[in-house]
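These notes are about the structure you will find just below.
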Amino acid sequence: MKATGMIRKIDDLGRVVIPRELRKTMGLDGAALELYTDGDQKYAPGCVCCGEAAEEVCGIRICRTCAEALLTALQEVQGE
């Protein structure tokens with residue numbers, strides 16, 4: 001699965017708008033779509049670095065491993 005970076009909210013009537021550029025690229029104009037669910041889980045995007053399960057920290061989804069690596073890298077840069 002590839003992230004598009006497009007986020008759409010569900011409106012009060014339960015509708016989701018699929019952006020024109022995505023419909024055109026995927027050949028979806030006028031197409032019927034079937035929706036699937038995976039248990040009771042709602043989709044949550046993963047870590048911005050590696051895609052693994054992540055928590056949101058300061059508005060960025062990042063996993064513990066990548067957060068620790070980022071912290072280490074920042075500390076090294078700061079020490080130079």
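Letters A, B, ... go to the chains of the structure tokens in the order shown; residues in each chain start at 1; ligands are counted from 1 in the same order.
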>> List as a PyMOL selection string the protein and nucleic acid residues near Met6 in chain A, meaning an atom at most 10 Å away when only C-alpha atoms are counted, but skip any in the same chain fewer than 5 places from it.
In response: chain A and resi 18-19+22
> Which of range 17-75 of chain A counts as alpha helix (DSSP H) under DSSP, as JSON, numbers by chain please?
Replying inline: {"A": [20, 21, 22, 23, 24, 25, 26, 64, 65, 66, 67, 68, 69, 70, 71, 72, 73, 74, 75]}
Compile the contact shell of range 44-56 of chain A as a compact mmCIF listing (two decimals) with all heavy atoms, in the first residue's frame: residues with an atom at most 12 Å away, counting only C-alpha atoms, same-chain residues fewer than 3 positions apart removed.
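Just written: result-v1.txt:
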# COMPACT_ATOMS: atom_id res chain seq x y z
N MET A 1 0.85 -1.16 0.00
CA MET A 1 0.00 0.00 0.00
C MET A 1 0.90 1.23 0.00
O MET A 1 1.87 1.29 0.73
CB MET A 1 -0.88 -0.02 1.25
CG MET A 1 -1.93 1.04 1.22
SD MET A 1 -3.03 1.09 2.66
CE MET A 1 -3.37 -0.57 3.03
N LYS A 2 0.56 2.20 -0.80
CA LYS A 2 1.35 3.42 -0.93
C LYS A 2 0.53 4.60 -0.43
O LYS A 2 -0.62 4.78 -0.83
CB LYS A 2 1.73 3.61 -2.39
CG LYS A 2 2.54 4.84 -2.66
CD LYS A 2 2.86 4.93 -4.14
CE LYS A 2 3.45 6.27 -4.48
NZ LYS A 2 3.60 6.45 -5.91
N ALA A 3 1.12 5.40 0.45
CA ALA A 3 0.43 6.60 0.96
C ALA A 3 0.41 7.66 -0.13
O ALA A 3 1.39 7.87 -0.83
CB ALA A 3 1.15 7.12 2.19
N THR A 4 -0.73 8.34 -0.28
CA THR A 4 -0.85 9.39 -1.28
C THR A 4 -0.62 10.76 -0.68
O THR A 4 -0.40 11.72 -1.40
CB THR A 4 -2.26 9.39 -1.91
OG1 THR A 4 -3.21 9.68 -0.89
CG2 THR A 4 -2.56 8.07 -2.57
N GLY A 5 -0.71 10.85 0.65
CA GLY A 5 -0.59 12.14 1.32
C GLY A 5 -1.90 12.91 1.30
O GLY A 5 -1.98 14.02 1.80
N MET A 6 -2.94 12.33 0.71
CA MET A 6 -4.25 12.99 0.65
C MET A 6 -5.10 12.49 1.80
O MET A 6 -5.28 11.29 1.97
CB MET A 6 -4.95 12.65 -0.67
CG MET A 6 -4.24 13.12 -1.87
SD MET A 6 -5.13 12.59 -3.35
CE MET A 6 -3.84 12.75 -4.56
N ILE A 7 -5.61 13.42 2.58
CA ILE A 7 -6.46 13.06 3.71
C ILE A 7 -7.81 13.73 3.51
O ILE A 7 -7.87 14.93 3.21
CB ILE A 7 -5.83 13.53 5.04
CG1 ILE A 7 -4.49 12.84 5.23
CG2 ILE A 7 -6.77 13.26 6.21
CD1 ILE A 7 -3.69 13.36 6.40
N GLN A 41 -10.63 -2.67 13.65
CA GLN A 41 -9.60 -1.65 13.64
C GLN A 41 -9.85 -0.59 12.59
O GLN A 41 -10.31 -0.88 11.50
CB GLN A 41 -8.24 -2.27 13.40
CG GLN A 41 -7.78 -3.14 14.53
CD GLN A 41 -6.34 -3.58 14.35
OE1 GLN A 41 -5.74 -3.35 13.32
NE2 GLN A 41 -5.80 -4.21 15.37
N GLY A 59 2.51 16.25 16.57
CA GLY A 59 1.88 16.29 15.25
C GLY A 59 2.52 15.41 14.19
O GLY A 59 2.14 15.45 13.04
N ILE A 60 3.51 14.59 14.59
CA ILE A 60 4.20 13.71 13.64
C ILE A 60 4.08 12.28 14.12
O ILE A 60 4.33 11.99 15.28
CB ILE A 60 5.70 14.09 13.54
CG1 ILE A 60 5.84 15.53 13.04
CG2 ILE A 60 6.43 13.13 12.62
CD1 ILE A 60 7.24 16.05 13.15
N ARG A 61 3.70 11.37 13.22
CA ARG A 61 3.63 9.95 13.59
C ARG A 61 5.01 9.36 13.47
O ARG A 61 5.59 9.32 12.38
CB ARG A 61 2.67 9.20 12.67
CG ARG A 61 1.23 9.50 12.98
CD ARG A 61 0.32 8.45 12.35
NE ARG A 61 -0.90 8.32 13.08
CZ ARG A 61 -1.06 7.66 14.21
NH1 ARG A 61 -0.06 7.06 14.76
NH2 ARG A 61 -2.22 7.59 14.82
N ILE A 62 5.57 8.90 14.60
CA ILE A 62 6.91 8.33 14.61
C ILE A 62 6.96 7.20 15.64
O ILE A 62 6.37 7.31 16.71
CB ILE A 62 7.97 9.42 14.90
CG1 ILE A 62 9.38 8.88 14.66
CG2 ILE A 62 7.80 10.03 16.26
CD1 ILE A 62 10.43 9.96 14.56
N CYS A 63 7.63 6.11 15.28
CA CYS A 63 7.75 4.97 16.19
C CYS A 63 8.90 5.22 17.17
O CYS A 63 9.74 6.10 16.96
CB CYS A 63 7.98 3.66 15.42
SG CYS A 63 9.60 3.54 14.63
N ARG A 64 8.94 4.45 18.24
CA ARG A 64 9.96 4.63 19.27
C ARG A 64 11.37 4.45 18.71
O ARG A 64 12.27 5.23 19.01
CB ARG A 64 9.72 3.66 20.42
CG ARG A 64 10.75 3.79 21.53
CD ARG A 64 10.40 2.94 22.73
NE ARG A 64 9.16 3.31 23.37
CZ ARG A 64 9.04 4.34 24.23
NH1 ARG A 64 10.06 5.07 24.54
NH2 ARG A 64 7.87 4.60 24.78
N THR A 65 11.58 3.43 17.87
CA THR A 65 12.90 3.16 17.31
C THR A 65 13.41 4.35 16.51
O THR A 65 14.55 4.79 16.68
CB THR A 65 12.86 1.90 16.42
OG1 THR A 65 12.37 0.81 17.19
CG2 THR A 65 14.22 1.57 15.86
N CYS A 66 12.57 4.88 15.63
CA CYS A 66 12.98 6.02 14.80
C CYS A 66 13.13 7.29 15.63
O CYS A 66 14.03 8.09 15.38
CB CYS A 66 11.99 6.24 13.66
SG CYS A 66 12.01 4.90 12.44
N ALA A 67 12.28 7.47 16.65
CA ALA A 67 12.41 8.63 17.53
C ALA A 67 13.73 8.59 18.27
O ALA A 67 14.43 9.61 18.38
CB ALA A 67 11.24 8.67 18.51
N GLU A 68 14.12 7.41 18.75
CA GLU A 68 15.40 7.28 19.45
C GLU A 68 16.57 7.53 18.50
O GLU A 68 17.54 8.20 18.86
CB GLU A 68 15.50 5.91 20.11
CG GLU A 68 14.57 5.75 21.29
CD GLU A 68 14.48 4.33 21.83
OE1 GLU A 68 15.08 3.41 21.24
OE2 GLU A 68 13.80 4.15 22.86
N ALA A 69 16.47 7.01 17.27
CA ALA A 69 17.53 7.23 16.28
C ALA A 69 17.64 8.71 15.94
O ALA A 69 18.75 9.26 15.81
CB ALA A 69 17.26 6.41 15.02
N LEU A 70 16.50 9.39 15.81
CA LEU A 70 16.49 10.81 15.51
C LEU A 70 17.11 11.60 16.67
O LEU A 70 17.91 12.51 16.45
CB LEU A 70 15.06 11.27 15.24
CG LEU A 70 14.86 12.75 14.95
CD1 LEU A 70 15.63 13.17 13.70
CD2 LEU A 70 13.38 13.05 14.77
